[in-house]
>>> print(open('target-v6.txt').read())   # compact mmCIF, C-alpha atoms
# COMPACT_ATOMS: atom_id res chain seq x y z
CA MET S 1 0.00 0.00 0.00
CA SER S 2 1.35 3.41 -1.00
CA LEU S 3 2.17 5.96 1.68
CA LEU S 4 0.93 8.68 -0.68
CA ASP S 5 -2.73 9.58 -1.05
CA GLU S 6 -3.54 8.06 -4.44
CA ARG S 7 -6.82 9.99 -4.58
CA VAL S 8 -4.90 13.27 -5.02
CA PRO S 9 -3.30 13.69 -8.47
CA ALA S 10 -0.17 15.69 -9.19
CA VAL S 11 0.16 18.37 -11.85
CA LEU S 12 3.73 19.06 -12.98
CA LEU S 13 4.14 22.49 -14.57
CA ARG S 14 7.08 23.30 -16.83
CA ILE S 15 7.08 26.49 -18.92
CA ASP S 16 10.68 26.21 -20.12
CA ARG S 17 10.92 24.38 -23.46
CA ASN S 18 13.98 22.23 -22.66
CA PRO S 19 12.98 18.78 -24.01
CA PHE S 20 15.79 17.01 -22.14
CA HIS S 21 14.95 18.04 -18.59
CA HIS S 22 15.54 14.75 -16.80
CA GLY S 23 14.20 16.14 -13.53
CA THR S 24 10.71 16.20 -15.05
CA LEU S 25 10.97 12.50 -15.84
CA GLY S 26 12.25 11.86 -12.32
CA ALA S 27 9.17 13.53 -10.83
CA VAL S 28 6.83 11.65 -13.18
CA ARG S 29 8.34 8.32 -12.19
CA SER S 30 8.60 9.03 -8.47
CA LEU S 31 4.94 9.92 -8.12
CA GLY S 32 3.68 7.43 -10.70
CA ARG S 33 5.43 4.54 -9.00
CA ALA S 34 3.67 5.52 -5.77
CA GLY S 35 0.28 5.22 -7.48
CA VAL S 36 -0.35 8.95 -7.99
CA GLU S 37 -2.02 10.06 -11.22
CA VAL S 38 0.48 12.37 -12.92
CA HIS S 39 -0.57 15.17 -15.26
CA LEU S 40 2.18 16.96 -17.16
CA VAL S 41 1.75 20.56 -18.31
CA ALA S 42 4.77 20.91 -20.59
CA ASP S 43 5.92 20.92 -24.19
CA CYS S 44 6.95 17.29 -24.64
CA ALA S 45 6.63 16.92 -28.42
CA GLU S 46 10.37 16.25 -28.79
CA SER S 47 11.03 14.91 -25.31
CA PRO S 48 11.61 11.33 -24.11
CA VAL S 49 9.44 12.18 -21.09
CA ARG S 50 6.24 11.80 -23.11
CA ARG S 51 7.04 8.07 -23.54
CA SER S 52 6.92 7.32 -19.82
CA ARG S 53 4.31 4.80 -18.75
CA TYR S 54 3.71 6.94 -15.65
CA VAL S 55 2.40 10.00 -17.50
CA HIS S 56 -1.38 9.95 -17.23
CA ARG S 57 -2.01 12.92 -19.53
CA ILE S 58 -0.04 15.75 -21.16
CA HIS S 59 -1.58 19.21 -21.32
CA PRO S 60 -0.47 22.24 -23.40
CA PRO S 61 1.75 24.59 -21.37
CA PRO S 62 1.56 28.38 -21.25
CA ALA S 63 4.05 30.04 -23.58
CA PRO S 64 7.45 31.20 -22.26
CA GLY S 65 7.31 34.82 -21.13
CA THR S 66 3.56 34.73 -20.74
CA SER S 67 1.76 36.78 -18.06
CA PRO S 68 0.71 35.38 -14.66
CA GLY S 69 -2.92 35.75 -15.75
CA GLU S 70 -2.33 33.53 -18.78
CA ILE S 71 -0.54 30.96 -16.62
CA ALA S 72 -3.50 30.92 -14.23
CA ALA S 73 -5.90 30.49 -17.16
CA ALA S 74 -3.88 27.53 -18.48
CA LEU S 75 -3.90 25.88 -15.05
CA ARG S 76 -7.64 26.44 -14.70
CA ARG S 77 -8.14 24.63 -18.02
CA VAL S 78 -6.12 21.71 -16.67
CA ALA S 79 -8.10 21.79 -13.41
CA ALA S 80 -11.31 21.32 -15.37
CA ARG S 81 -10.01 17.92 -16.55
CA VAL S 82 -8.33 16.73 -13.34
CA ALA S 83 -9.75 15.29 -10.15
CA LEU S 84 -9.48 18.01 -7.51
CA PRO S 85 -7.68 19.16 -5.50
CA ALA S 86 -4.33 18.39 -7.13
CA VAL S 87 -0.79 18.94 -5.86
CA LEU S 88 0.90 21.48 -8.14
CA ILE S 89 4.65 21.01 -8.62
CA PRO S 90 6.52 23.71 -10.58
CA MET S 91 9.52 22.22 -12.37
CA ASP S 92 11.33 25.39 -13.47
CA ASP S 93 11.94 28.86 -12.07
CA ALA S 94 9.31 30.59 -14.22
CA SER S 95 6.68 28.13 -13.00
CA ALA S 96 7.79 28.40 -9.37
CA VAL S 97 7.70 32.20 -9.39
CA ALA S 98 4.26 32.25 -11.02
CA ALA S 99 2.83 29.57 -8.71
CA GLY S 100 3.99 31.50 -5.66
CA ARG S 101 2.25 34.65 -6.80
CA LEU S 102 -0.90 32.79 -7.86
CA ARG S 103 -1.27 30.51 -4.81
CA GLU S 104 -4.42 32.12 -3.44
CA GLU S 105 -5.95 32.50 -6.89
CA LEU S 106 -5.34 28.84 -7.73
CA ALA S 107 -6.85 27.54 -4.50
CA PRO S 108 -8.79 25.36 -3.89
CA ALA S 109 -8.11 23.61 -7.21
CA TYR S 110 -4.41 23.22 -6.40
CA LEU S 111 -2.44 22.49 -3.25
CA LEU S 112 0.73 24.58 -2.75
CA PRO S 113 3.00 25.32 0.23
CA GLN S 114 1.85 28.26 2.33
CA GLN S 115 4.43 31.04 2.30
CA PRO S 116 4.71 34.68 1.14
CA GLY S 117 3.81 34.73 -2.54
CA ALA S 118 6.77 36.89 -3.51
CA LEU S 119 9.38 34.70 -1.80
CA PRO S 120 10.09 32.27 -4.69
CA GLY S 121 10.67 35.26 -6.96
CA ARG S 122 13.01 36.91 -4.45
CA VAL S 123 15.30 33.92 -4.11
CA ALA S 124 15.23 33.03 -7.82
CA ASP S 125 16.22 36.58 -8.80
CA LYS S 126 20.04 36.58 -8.95
CA ALA S 127 20.29 40.26 -7.95
CA GLU S 128 17.91 39.97 -5.00
CA LEU S 129 19.60 36.78 -3.81
CA ALA S 130 22.76 38.74 -3.08
CA GLY S 131 20.82 40.95 -0.65
CA VAL S 132 19.04 37.95 0.86
CA CYS S 133 22.40 36.30 1.58
CA ALA S 134 23.86 39.48 3.03
CA ALA S 135 20.91 39.84 5.42
CA ALA S 136 21.18 36.20 6.52
CA GLY S 137 24.97 36.15 6.80
CA ILE S 138 25.35 33.51 4.09
CA PRO S 139 28.56 33.79 2.02
CA HIS S 140 27.84 34.89 -1.54
CA PRO S 141 30.10 36.15 -4.35
CA VAL S 142 30.50 39.94 -4.40
CA THR S 143 27.77 41.18 -6.77
CA LEU S 144 27.44 44.50 -8.60
CA VAL S 145 24.46 45.69 -10.65
CA PRO S 146 25.68 48.28 -13.19
CA ASP S 147 23.40 51.13 -14.29
CA SER S 148 25.13 51.92 -17.59
CA ALA S 149 27.35 50.28 -20.17
CA GLU S 150 30.40 52.17 -18.94
CA ASP S 151 29.56 51.26 -15.36
CA ALA S 152 29.44 47.60 -16.42
CA ALA S 153 32.94 47.83 -17.88
CA ALA S 154 34.22 49.61 -14.77
CA ALA S 155 32.54 47.06 -12.48
CA ALA S 156 34.20 44.19 -14.32
CA ARG S 157 37.60 45.78 -13.82
CA ARG S 158 36.82 46.61 -10.18
CA LEU S 159 35.83 43.02 -9.34
CA GLY S 160 38.95 41.64 -11.00
CA LEU S 161 38.86 39.74 -14.27
CA PRO S 162 37.57 37.23 -15.12
CA VAL S 163 34.10 37.93 -13.76
CA VAL S 164 30.74 36.20 -13.97
CA ALA S 165 28.01 38.01 -15.90
CA LYS S 166 24.42 36.95 -15.13
CA TRP S 167 20.94 38.00 -16.08
CA SER S 168 19.00 38.61 -12.89
CA ARG S 169 15.86 36.77 -14.03
CA PRO S 170 17.03 34.23 -16.61
CA TRP S 171 13.56 32.80 -17.11
CA LEU S 172 12.61 36.11 -18.77
CA VAL S 173 15.42 35.98 -21.35
CA PRO S 174 13.81 35.07 -24.71
CA ALA S 175 15.08 31.94 -26.42
CA GLY S 176 16.84 32.24 -29.73
CA ILE S 177 18.49 35.65 -29.24
CA GLY S 178 21.95 34.29 -28.45
CA LEU S 179 22.08 35.25 -24.78
CA ARG S 180 23.14 32.72 -22.17
CA SER S 181 21.79 33.03 -18.66
CA THR S 182 25.33 33.24 -17.30
CA VAL S 183 28.79 33.54 -18.82
CA VAL S 184 32.33 34.12 -17.60
CA VAL S 185 33.85 37.18 -19.25
CA ASN S 186 37.59 37.79 -19.49
CA SER S 187 37.66 41.50 -20.30
CA ALA S 188 35.62 44.63 -19.72
CA ARG S 189 34.43 44.86 -23.33
CA PRO S 190 31.91 41.97 -23.27
CA ALA S 191 30.53 43.23 -19.95
CA ARG S 192 29.78 46.53 -21.65
CA GLU S 193 28.29 44.78 -24.71
CA LEU S 194 26.07 42.57 -22.58
CA TYR S 195 24.70 45.58 -20.71
CA LEU S 196 23.66 47.13 -24.03
CA ARG S 197 21.41 44.09 -24.57
CA SER S 198 19.53 44.47 -21.28
CA THR S 199 16.35 45.53 -23.08
CA GLU S 200 16.45 42.34 -25.17
CA ALA S 201 17.07 40.25 -22.05
CA ARG S 202 14.06 41.81 -20.26
CA CYS S 203 15.97 41.93 -16.99
CA SER S 204 19.04 43.44 -15.35
CA LEU S 205 22.65 42.44 -15.89
CA LEU S 206 24.75 41.74 -12.81
CA LEU S 207 28.43 41.02 -12.39
CA GLN S 208 29.96 38.75 -9.75
CA THR S 209 33.35 37.78 -8.45
CA TYR S 210 34.47 34.62 -10.18
CA LEU S 211 35.12 31.64 -7.93
CA PRO S 212 37.16 29.12 -9.96
CA PRO S 213 35.91 25.52 -10.03
CA GLY S 214 38.11 22.76 -8.68
CA ARG S 215 38.15 19.34 -7.11
CA ASP S 216 35.45 18.96 -4.43
CA ARG S 217 34.41 22.61 -4.73
CA ASP S 218 30.95 22.26 -6.28
CA TRP S 219 28.15 21.16 -3.96
CA PHE S 220 24.37 21.22 -3.88
CA VAL S 221 21.72 20.75 -1.22
CA HIS S 222 18.21 19.57 -1.99
CA GLY S 223 15.42 19.53 0.55
CA TYR S 224 11.78 20.06 1.40
CA ALA S 225 10.77 22.59 4.05
CA ASP S 226 7.52 21.27 5.51
CA ARG S 227 4.58 23.16 7.04
CA SER S 228 6.52 23.69 10.26
CA GLY S 229 9.66 24.83 8.45
CA ALA S 230 11.62 21.65 9.22
CA VAL S 231 13.79 20.47 6.34
CA ARG S 232 12.89 16.93 5.32
CA ALA S 233 14.14 14.59 2.60
CA GLY S 234 17.03 15.58 0.34
CA GLY S 235 20.59 16.08 1.50
CA PRO S 236 23.99 17.42 0.42
CA GLY S 237 25.61 16.20 -2.79
CA ARG S 238 28.94 16.65 -4.54
CA LYS S 239 29.24 17.26 -8.24
CA GLN S 240 31.64 14.65 -9.59
CA LEU S 241 31.25 15.50 -13.26
CA ALA S 242 29.70 18.51 -14.96
CA TRP S 243 28.60 19.41 -18.44
CA PRO S 244 30.22 21.50 -19.83
CA ARG S 245 33.25 19.83 -18.26
CA GLY S 246 34.72 21.67 -15.29
CA ALA S 247 31.52 23.58 -14.61
CA GLY S 248 27.87 23.47 -15.59
CA LEU S 249 24.96 21.16 -14.84
CA THR S 250 25.49 18.01 -12.79
CA ALA S 251 26.19 15.05 -15.09
CA VAL S 252 27.33 12.79 -12.23
CA GLY S 253 26.47 13.51 -8.61
CA ARG S 254 27.12 11.64 -5.38
CA TRP S 255 25.24 11.86 -2.08
CA THR S 256 28.02 13.02 0.25
CA PRO S 257 27.61 14.13 3.88
CA ASN S 258 28.62 17.77 4.40
CA PRO S 259 27.38 19.28 7.67
CA GLN S 260 28.56 22.78 6.68
CA VAL S 261 26.49 23.18 3.53
CA GLN S 262 23.53 21.38 5.12
CA ALA S 263 23.61 23.83 8.05
CA LEU S 264 23.82 26.82 5.68
CA ALA S 265 20.81 25.58 3.73
CA GLU S 266 18.71 25.00 6.83
CA ARG S 267 19.67 28.35 8.33
CA LEU S 268 18.76 30.26 5.17
CA THR S 269 15.41 28.54 4.57
CA GLY S 270 14.57 28.93 8.26
CA GLU S 271 15.33 32.65 8.38
CA LEU S 272 13.33 33.25 5.20
CA GLY S 273 10.33 31.25 6.37
CA TYR S 274 10.62 29.27 3.14
CA ARG S 275 8.20 26.40 2.55
CA GLY S 276 8.41 23.84 -0.23
CA ILE S 277 11.09 22.19 -2.37
CA PHE S 278 14.44 23.88 -2.84
CA ASP S 279 17.72 23.24 -4.65
CA LEU S 280 20.73 25.27 -3.54
CA ASP S 281 24.09 25.40 -5.36
CA PHE S 282 27.30 26.15 -3.46
CA ARG S 283 30.92 26.62 -4.47
CA ARG S 284 33.78 26.38 -1.99
CA CYS S 285 36.34 29.16 -2.30
CA GLY S 286 39.78 27.67 -2.88
CA SER S 287 41.57 30.31 -0.81
CA THR S 288 39.23 30.74 2.19
CA GLY S 289 37.46 27.36 2.26
CA ARG S 290 34.10 29.11 2.71
CA TYR S 291 31.04 27.81 0.88
CA HIS S 292 29.36 30.53 -1.20
CA LEU S 293 25.75 30.22 -2.29
CA LEU S 294 25.58 30.61 -6.07
CA ASP S 295 21.94 29.82 -6.74
CA PHE S 296 18.62 29.27 -4.96
CA ASN S 297 16.16 27.32 -7.09
CA PRO S 298 12.66 27.33 -5.52
CA ARG S 299 11.72 23.99 -7.11
CA PRO S 300 13.17 20.48 -7.57
CA GLY S 301 16.67 20.30 -8.96
CA ALA S 302 17.08 18.10 -12.02
CA GLN S 303 19.09 15.53 -10.00
CA PHE S 304 16.69 15.40 -7.03
CA ARG S 305 16.29 11.63 -7.38
CA LEU S 306 19.86 11.27 -6.10
CA PHE S 307 18.42 11.77 -2.62
CA ALA S 308 15.93 8.89 -2.49
CA ASP S 309 16.42 7.37 0.99
CA SER S 310 15.85 3.85 2.34
CA ALA S 311 12.09 4.53 2.60
CA GLY S 312 11.93 5.76 -1.00
CA LEU S 313 11.35 9.35 0.16
CA ASP S 314 12.51 12.16 -2.10
CA VAL S 315 11.58 15.85 -2.12
CA VAL S 316 8.70 15.40 -4.57
CA ARG S 317 7.09 12.65 -2.50
CA ALA S 318 7.71 14.70 0.65
CA LEU S 319 5.77 17.59 -0.87
CA HIS S 320 2.82 15.39 -1.82
CA LEU S 321 2.71 13.73 1.59
CA ASP S 322 2.94 17.00 3.49
CA LEU S 323 0.31 18.86 1.45
CA THR S 324 -2.12 15.95 1.82
CA HIS S 325 -1.45 15.85 5.58
CA ARG S 326 0.17 12.44 5.58
CA PRO S 327 3.18 11.50 7.74
CA LEU S 328 6.61 11.42 6.13
CA PRO S 329 8.42 8.12 6.71
CA ASP S 330 11.69 8.20 8.64
CA GLY S 331 14.06 6.67 6.12
CA VAL S 332 17.80 6.28 6.45
CA PRO S 333 20.06 8.47 4.26
CA LEU S 334 22.07 6.58 1.64
CA PRO S 335 25.42 8.40 1.33
CA GLY S 336 27.45 7.17 -1.60
CA ARG S 337 24.37 6.82 -3.81
CA GLU S 338 25.10 8.11 -7.32
CA PHE S 339 23.04 9.80 -10.04
CA VAL S 340 24.16 9.78 -13.68
CA VAL S 341 22.74 11.66 -16.67
CA GLU S 342 23.51 9.38 -19.59
CA ASN S 343 23.47 11.90 -22.44
CA TYR S 344 26.02 14.09 -20.62
CA ALA S 345 28.13 11.28 -19.12
CA PRO S 346 27.70 8.25 -21.43
CA LEU S 347 30.99 6.57 -20.53
CA HIS S 348 30.29 6.87 -16.82
CA ALA S 349 26.83 5.39 -17.34
CA LEU S 350 28.36 2.35 -19.06
CA ARG S 351 30.74 1.64 -16.21
CA ARG S 352 29.84 -0.93 -13.62
CA ALA S 353 28.41 0.82 -10.55
CA SER S 354 30.42 0.47 -7.34
CA GLY S 355 27.34 1.16 -5.19
CA GLU S 356 23.73 2.20 -5.50
CA ARG S 357 23.14 4.23 -8.65
CA GLU S 358 20.21 5.72 -10.54
CA LEU S 359 20.25 6.72 -14.19
CA ALA S 360 18.33 9.78 -15.31
CA TRP S 361 16.69 8.22 -18.38
CA HIS S 362 16.97 4.43 -18.30
CA ALA S 363 14.88 2.42 -15.83
CA PRO S 364 13.93 -1.28 -15.86
CA ASP S 365 10.26 -0.52 -15.13
CA ASP S 366 9.99 2.35 -17.64
CA ARG S 367 12.15 1.56 -20.65
CA ALA S 368 10.55 3.70 -23.36
CA PRO S 369 12.11 7.08 -22.36
CA GLY S 370 15.59 5.56 -22.31
CA ARG S 371 15.10 4.02 -25.74
CA ALA S 372 13.77 7.29 -27.15
CA LEU S 373 16.58 9.36 -25.67
CA TRP S 374 19.35 8.50 -28.09
CA THR S 375 17.35 9.09 -31.27
CA LEU S 376 16.04 12.44 -30.02
CA TRP S 377 19.38 13.46 -28.50
CA GLY S 378 21.26 12.66 -31.71
CA ARG S 379 18.83 14.78 -33.71
CA HIS S 380 19.12 17.59 -31.14
CA VAL S 381 22.94 17.62 -31.26
CA ALA S 382 22.98 17.58 -35.06
CA ASP S 383 20.54 20.49 -35.21
CA ARG S 384 22.59 22.50 -32.72
CA LEU S 385 25.82 21.94 -34.64
CA ALA S 386 24.20 22.92 -37.91
CA GLY S 387 22.76 26.05 -36.31
CA ARG S 388 26.15 27.09 -34.96
CA LEU S 389 27.78 26.64 -38.35
CA ARG S 390 25.11 28.80 -39.98
CA GLN S 391 25.48 31.54 -37.37
CA HIS S 392 29.29 31.61 -37.38
CA ARG S 393 30.68 34.87 -38.73
CA PRO S 394 34.37 35.87 -38.94
CA ALA S 395 33.49 39.24 -37.41
CA ALA S 396 32.44 37.49 -34.20
CA ARG S 397 35.79 35.78 -33.65
CA HIS S 398 37.06 38.48 -31.30
CA LEU S 399 34.46 37.39 -28.76
CA THR S 400 36.14 34.01 -28.22
CA ASP S 401 38.87 35.70 -26.21
CA ASP S 402 36.37 37.58 -24.06
CA PHE S 403 33.80 34.91 -23.19
CA SER S 404 34.61 31.67 -21.38
CA ASP S 405 32.87 28.37 -22.12
CA GLY S 406 32.68 27.60 -18.39
CA PHE S 407 29.51 27.63 -16.34
CA SER S 408 28.92 27.19 -12.62
CA ASP S 409 25.93 25.22 -11.30
CA ASP S 410 23.58 28.01 -12.17
CA GLN S 411 25.52 29.00 -15.28
CA LYS S 412 23.52 27.13 -17.87
CA ALA S 413 22.56 27.98 -21.40
CA SER S 414 19.08 26.66 -20.66
CA SER S 415 17.26 25.84 -17.47
CA CYS S 416 18.35 22.53 -16.04
>>> encode(input="target-v6.txt", output="structure tokens")
Amino acid sequence: MSLLDERVPAVLLRIDRNPFHHGTLGAVRSLGRAGVEVHLVADCAESPVRRSRYVHRIHPPPAPGTSPGEIAAALRRVAARVALPAVLIPMDDASAVAAGRLREELAPAYLLPQQPGALPGRVADKAELAGVCAAAGIPHPVTLVPDSAEDAAAAARRLGLPVVAKWSRPWLVPAGIGLRSTVVVNSARPARELYLRSTEARCSLLLQTYLPPGRDRDWFVHGYADRSGAVRAGGPGRKQLAWPRGAGLTAVGRWTPNPQVQALAERLTGELGYRGIFDLDFRRCGSTGRYHLLDFNPRPGAQFRLFADSAGLDVVRALHLDLTHRPLPDGVPLPGREFVVENYAPLHALRRASGERELAWHAPDDRAPGRALWTLWGRHVADRLAGRLRQHRPAARHLTDDFSDGFSDDQKASSC
């Protein structure tokens, strides 16, 4: 018998168009395996996720960049076809920010954590997060928000090159305009040029001190803050392999005890009064040893299934149990457990596992997404390469010396 209330369906909302978001499949499987009816509000036309046996129904998502009112209208259309109430689980930042603001409007059709509606937006905003960390005493890279192109160039020099350039609200940056959410810049010129594109980006540019990656420096903490504020499920993890290599999204992660980052996460969520699922990214400074918070994602991280404990509890199941007023089982943490994303770490996925391991796409009880992955991924890679060749211009070559290919946990070309 399932611990979860099978009478209450789950609605997963994803506005971002990334077809290879393995975290969405992880949530579908986690809830579906527990007997919960899973509705997916996402663009899955070219995604392996649509092949999962645990997807009950796929609904059209609101368009990227759409207004909160249009998001609410889309969710009301889904509610008309779903047994109510349903647990709503945002799977990207745009969804999380909208759901927070719309919580009262969406009730009673949807169940959501009770917290200040603006809080998910505050922590997801890269510029506001710097102030949040300062108020809570959480280490964070020095951050400057320039107010002119010349100020951006001066700020880059003042911070000390290279520096990290970020868009404050990356979910607002339109796709297809050639802007990455975060880049490392090696001179003042690209900082100035990026500022001049602020109107296109629909949000502010900020510049941060660059903390170089290195062995055992990149960490993440996933968790669920329940109705009382206690952090349940999840745990601290170490990034073993990233894509792009050296920085970027987690291709291979390992559940690794780290009392320091766990304490920082619990202190921050407690002081904020945060409720719900969170995914925090930290980088340890090589010179001081301090862990700096790089990113606060107010939703499940793509690798959240790494932290499935001995009772099968993960952050998505914890949310469903808590919002339906069911007790959360007291499982035992499983340090050493590994999570591998096959399309980013294919050789690692083929190696024999030394301990407990979960693959992002392939699963014995749900084989279709894993089979579909390689055909769709091959087509995706070919299309991207062809697009880059078409867009390449000799006049753009000077930029290769000014922009780095490296990304930190939150430094992704698309939401992960």
>>> residues_near_point(input="target-v6.txt", point="(0.4, 33.8, 0.4)", cutoff="12 Å", atoms="all atoms listed in the file", output="list in words")
Ala99, Gly100, Arg101, Leu102, Arg103, Glu104, Glu105, Leu106, Ala107, Leu112, Pro113, Gln114, Gln115, Pro116, Gly117, Ala118, Leu119, Pro120, Gly273, Tyr274 and Arg275 of chain S
>>> closest_atom_pairs(input="target-v6.txt", of="stretch 324-361 of chain S", to="stretch 373-391 of chain S", cutoff="10 Å", atoms="all atoms listed in the file", output="tab-separated table")
residue	atom	partner	partner_atom	distance
S:Glu342	CA	S:Leu373	CA	9.2
S:Asn343	CA	S:Trp377	CA	7.5
S:Trp361	CA	S:Leu373	CA	7.4
>>> residues_near_point(input="target-v6.txt", point="(-5.5, 26.2, -19.1)", cutoff="12 Å", atoms="all atoms listed in the file", output="PDB file with C-alpha atoms, in the coordinates of the input")
ATOM      1  CA  LEU S  13       4.140  22.490 -14.570  1.00  0.00           C
ATOM      2  CA  VAL S  41       1.750  20.560 -18.310  1.00  0.00           C
ATOM      3  CA  ALA S  42       4.770  20.910 -20.590  1.00  0.00           C
ATOM      4  CA  ILE S  58      -0.040  15.750 -21.160  1.00  0.00           C
ATOM      5  CA  HIS S  59      -1.580  19.210 -21.320  1.00  0.00           C
ATOM      6  CA  PRO S  60      -0.470  22.240 -23.400  1.00  0.00           C
ATOM      7  CA  PRO S  61       1.750  24.590 -21.370  1.00  0.00           C
ATOM      8  CA  PRO S  62       1.560  28.380 -21.250  1.00  0.00           C
ATOM      9  CA  ALA S  63       4.050  30.040 -23.580  1.00  0.00           C
ATOM     10  CA  PRO S  68       0.710  35.380 -14.660  1.00  0.00           C
ATOM     11  CA  GLY S  69      -2.920  35.750 -15.750  1.00  0.00           C
ATOM     12  CA  GLU S  70      -2.330  33.530 -18.780  1.00  0.00           C
ATOM     13  CA  ILE S  71      -0.540  30.960 -16.620  1.00  0.00           C
ATOM     14  CA  ALA S  72      -3.500  30.920 -14.230  1.00  0.00           C
ATOM     15  CA  ALA S  73      -5.900  30.490 -17.160  1.00  0.00           C
ATOM     16  CA  ALA S  74      -3.880  27.530 -18.480  1.00  0.00           C
ATOM     17  CA  LEU S  75      -3.900  25.880 -15.050  1.00  0.00           C
ATOM     18  CA  ARG S  76      -7.640  26.440 -14.700  1.00  0.00           C
ATOM     19  CA  ARG S  77      -8.140  24.630 -18.020  1.00  0.00           C
ATOM     20  CA  VAL S  78      -6.120  21.710 -16.670  1.00  0.00           C
ATOM     21  CA  ALA S  79      -8.100  21.790 -13.410  1.00  0.00           C
ATOM     22  CA  ALA S  80     -11.310  21.320 -15.370  1.00  0.00           C
ATOM     23  CA  ARG S  81     -10.010  17.920 -16.550  1.00  0.00           C
ATOM     24  CA  VAL S  82      -8.330  16.730 -13.340  1.00  0.00           C
ATOM     25  CA  LEU S 106      -5.340  28.840  -7.730  1.00  0.00           C
TER      26      LEU S 106
END
>>> closest_residue(input="target-v6.txt", among="S:Ala360, S:Pro162, S:Leu294, S:Gly223", to="S:Gly253", atoms="all atoms listed in the file")
S:Ala360
>>> closest_residue(input="target-v6.txt", among="S:Tyr224, S:Tyr195, S:Phe339, S:Tyr54", to="S:Gln240", atoms="all atoms listed in the file")
S:Phe339
>>> atom_distance(input="target-v6.txt", atom1="atom CA of S:Glu200", atom2="atom CA of S:Asp16")
17.9 Å
>>> closest_residue(input="target-v6.txt", among="S:Gly270, S:Gly137, S:Pro333, S:Gly312", to="S:Trp255", atoms="all atoms listed in the file")
S:Pro333
>>> residues_around(input="target-v6.txt", residues="S:Arg337", least_positions_apart="4", cutoff="6 Å", atoms="all atoms listed in the file", output="JSON list (two decimals) with C-alpha atoms, in the frame of the given file")
[["chain", "number", "residue", "atom", "x", "y", "z"],
["S", 254, "ARG", "CA", 27.12, 11.64, -5.38],
["S", 255, "TRP", "CA", 25.24, 11.86, -2.08],
["S", 356, "GLU", "CA", 23.73, 2.20, -5.50],
["S", 357, "ARG", "CA", 23.14, 4.23, -8.65]]
>>> closest_residue(input="target-v6.txt", among="S:Ala96, S:Val145, S:Val184, S:Leu172", to="S:Gly160", atoms="all atoms listed in the file")
S:Val184
>>> atom_distance(input="target-v6.txt", atom1="atom CA of S:Gly355", atom2="atom CA of S:Glu338")
7.6 Å
>>> atom_distance(input="target-v6.txt", atom1="atom CA of S:Ala302", atom2="atom CA of S:Gly26")
7.9 Å
>>> decode(input="target-v6.txt", residues="stretch 356-365 of chain S", atoms="N, CA, C and O atoms", output="PDB file, in the first residue's frame")
ATOM      1  N   GLU S 356      25.070   1.937  -4.990  1.00  0.00           N
ATOM      2  CA  GLU S 356      23.727   2.202  -5.498  1.00  0.00           C
ATOM      3  C   GLU S 356      23.766   3.378  -6.463  1.00  0.00           C
ATOM      4  O   GLU S 356      24.374   4.410  -6.189  1.00  0.00           O
ATOM      5  N   ARG S 357      23.106   3.208  -7.611  1.00  0.00           N
ATOM      6  CA  ARG S 357      23.144   4.228  -8.652  1.00  0.00           C
ATOM      7  C   ARG S 357      21.794   4.298  -9.355  1.00  0.00           C
ATOM      8  O   ARG S 357      21.119   3.293  -9.534  1.00  0.00           O
ATOM      9  N   GLU S 358      21.422   5.518  -9.741  1.00  0.00           N
ATOM     10  CA  GLU S 358      20.212   5.716 -10.536  1.00  0.00           C
ATOM     11  C   GLU S 358      20.583   6.489 -11.788  1.00  0.00           C
ATOM     12  O   GLU S 358      21.320   7.472 -11.733  1.00  0.00           O
ATOM     13  N   LEU S 359      20.064   6.029 -12.924  1.00  0.00           N
ATOM     14  CA  LEU S 359      20.252   6.715 -14.192  1.00  0.00           C
ATOM     15  C   LEU S 359      19.086   7.658 -14.432  1.00  0.00           C
ATOM     16  O   LEU S 359      17.947   7.374 -14.038  1.00  0.00           O
ATOM     17  N   ALA S 360      19.362   8.768 -15.083  1.00  0.00           N
ATOM     18  CA  ALA S 360      18.327   9.777 -15.309  1.00  0.00           C
ATOM     19  C   ALA S 360      17.249   9.299 -16.269  1.00  0.00           C
ATOM     20  O   ALA S 360      16.066   9.594 -16.069  1.00  0.00           O
ATOM     21  N   TRP S 361      17.626   8.554 -17.312  1.00  0.00           N
ATOM     22  CA  TRP S 361      16.687   8.217 -18.380  1.00  0.00           C
ATOM     23  C   TRP S 361      16.307   6.738 -18.427  1.00  0.00           C
ATOM     24  O   TRP S 361      15.161   6.401 -18.716  1.00  0.00           O
ATOM     25  N   HIS S 362      17.242   5.862 -18.167  1.00  0.00           N
ATOM     26  CA  HIS S 362      16.975   4.431 -18.298  1.00  0.00           C
ATOM     27  C   HIS S 362      16.504   3.847 -16.970  1.00  0.00           C
ATOM     28  O   HIS S 362      17.110   4.093 -15.924  1.00  0.00           O
ATOM     29  N   ALA S 363      15.424   3.070 -17.027  1.00  0.00           N
ATOM     30  CA  ALA S 363      14.880   2.423 -15.834  1.00  0.00           C
ATOM     31  C   ALA S 363      14.242   1.103 -16.240  1.00  0.00           C
ATOM     32  O   ALA S 363      13.531   1.047 -17.254  1.00  0.00           O
ATOM     33  N   PRO S 364      14.466   0.027 -15.485  1.00  0.00           N
ATOM     34  CA  PRO S 364      13.927  -1.280 -15.856  1.00  0.00           C
ATOM     35  C   PRO S 364      12.402  -1.310 -15.944  1.00  0.00           C
ATOM     36  O   PRO S 364      11.841  -2.081 -16.732  1.00  0.00           O
ATOM     37  N   ASP S 365      11.719  -0.502 -15.130  1.00  0.00           N
ATOM     38  CA  ASP S 365      10.255  -0.520 -15.125  1.00  0.00           C
ATOM     39  C   ASP S 365       9.648   0.532 -16.058  1.00  0.00           C
ATOM     40  O   ASP S 365       8.420   0.665 -16.123  1.00  0.00           O
TER      41      ASP S 365
END
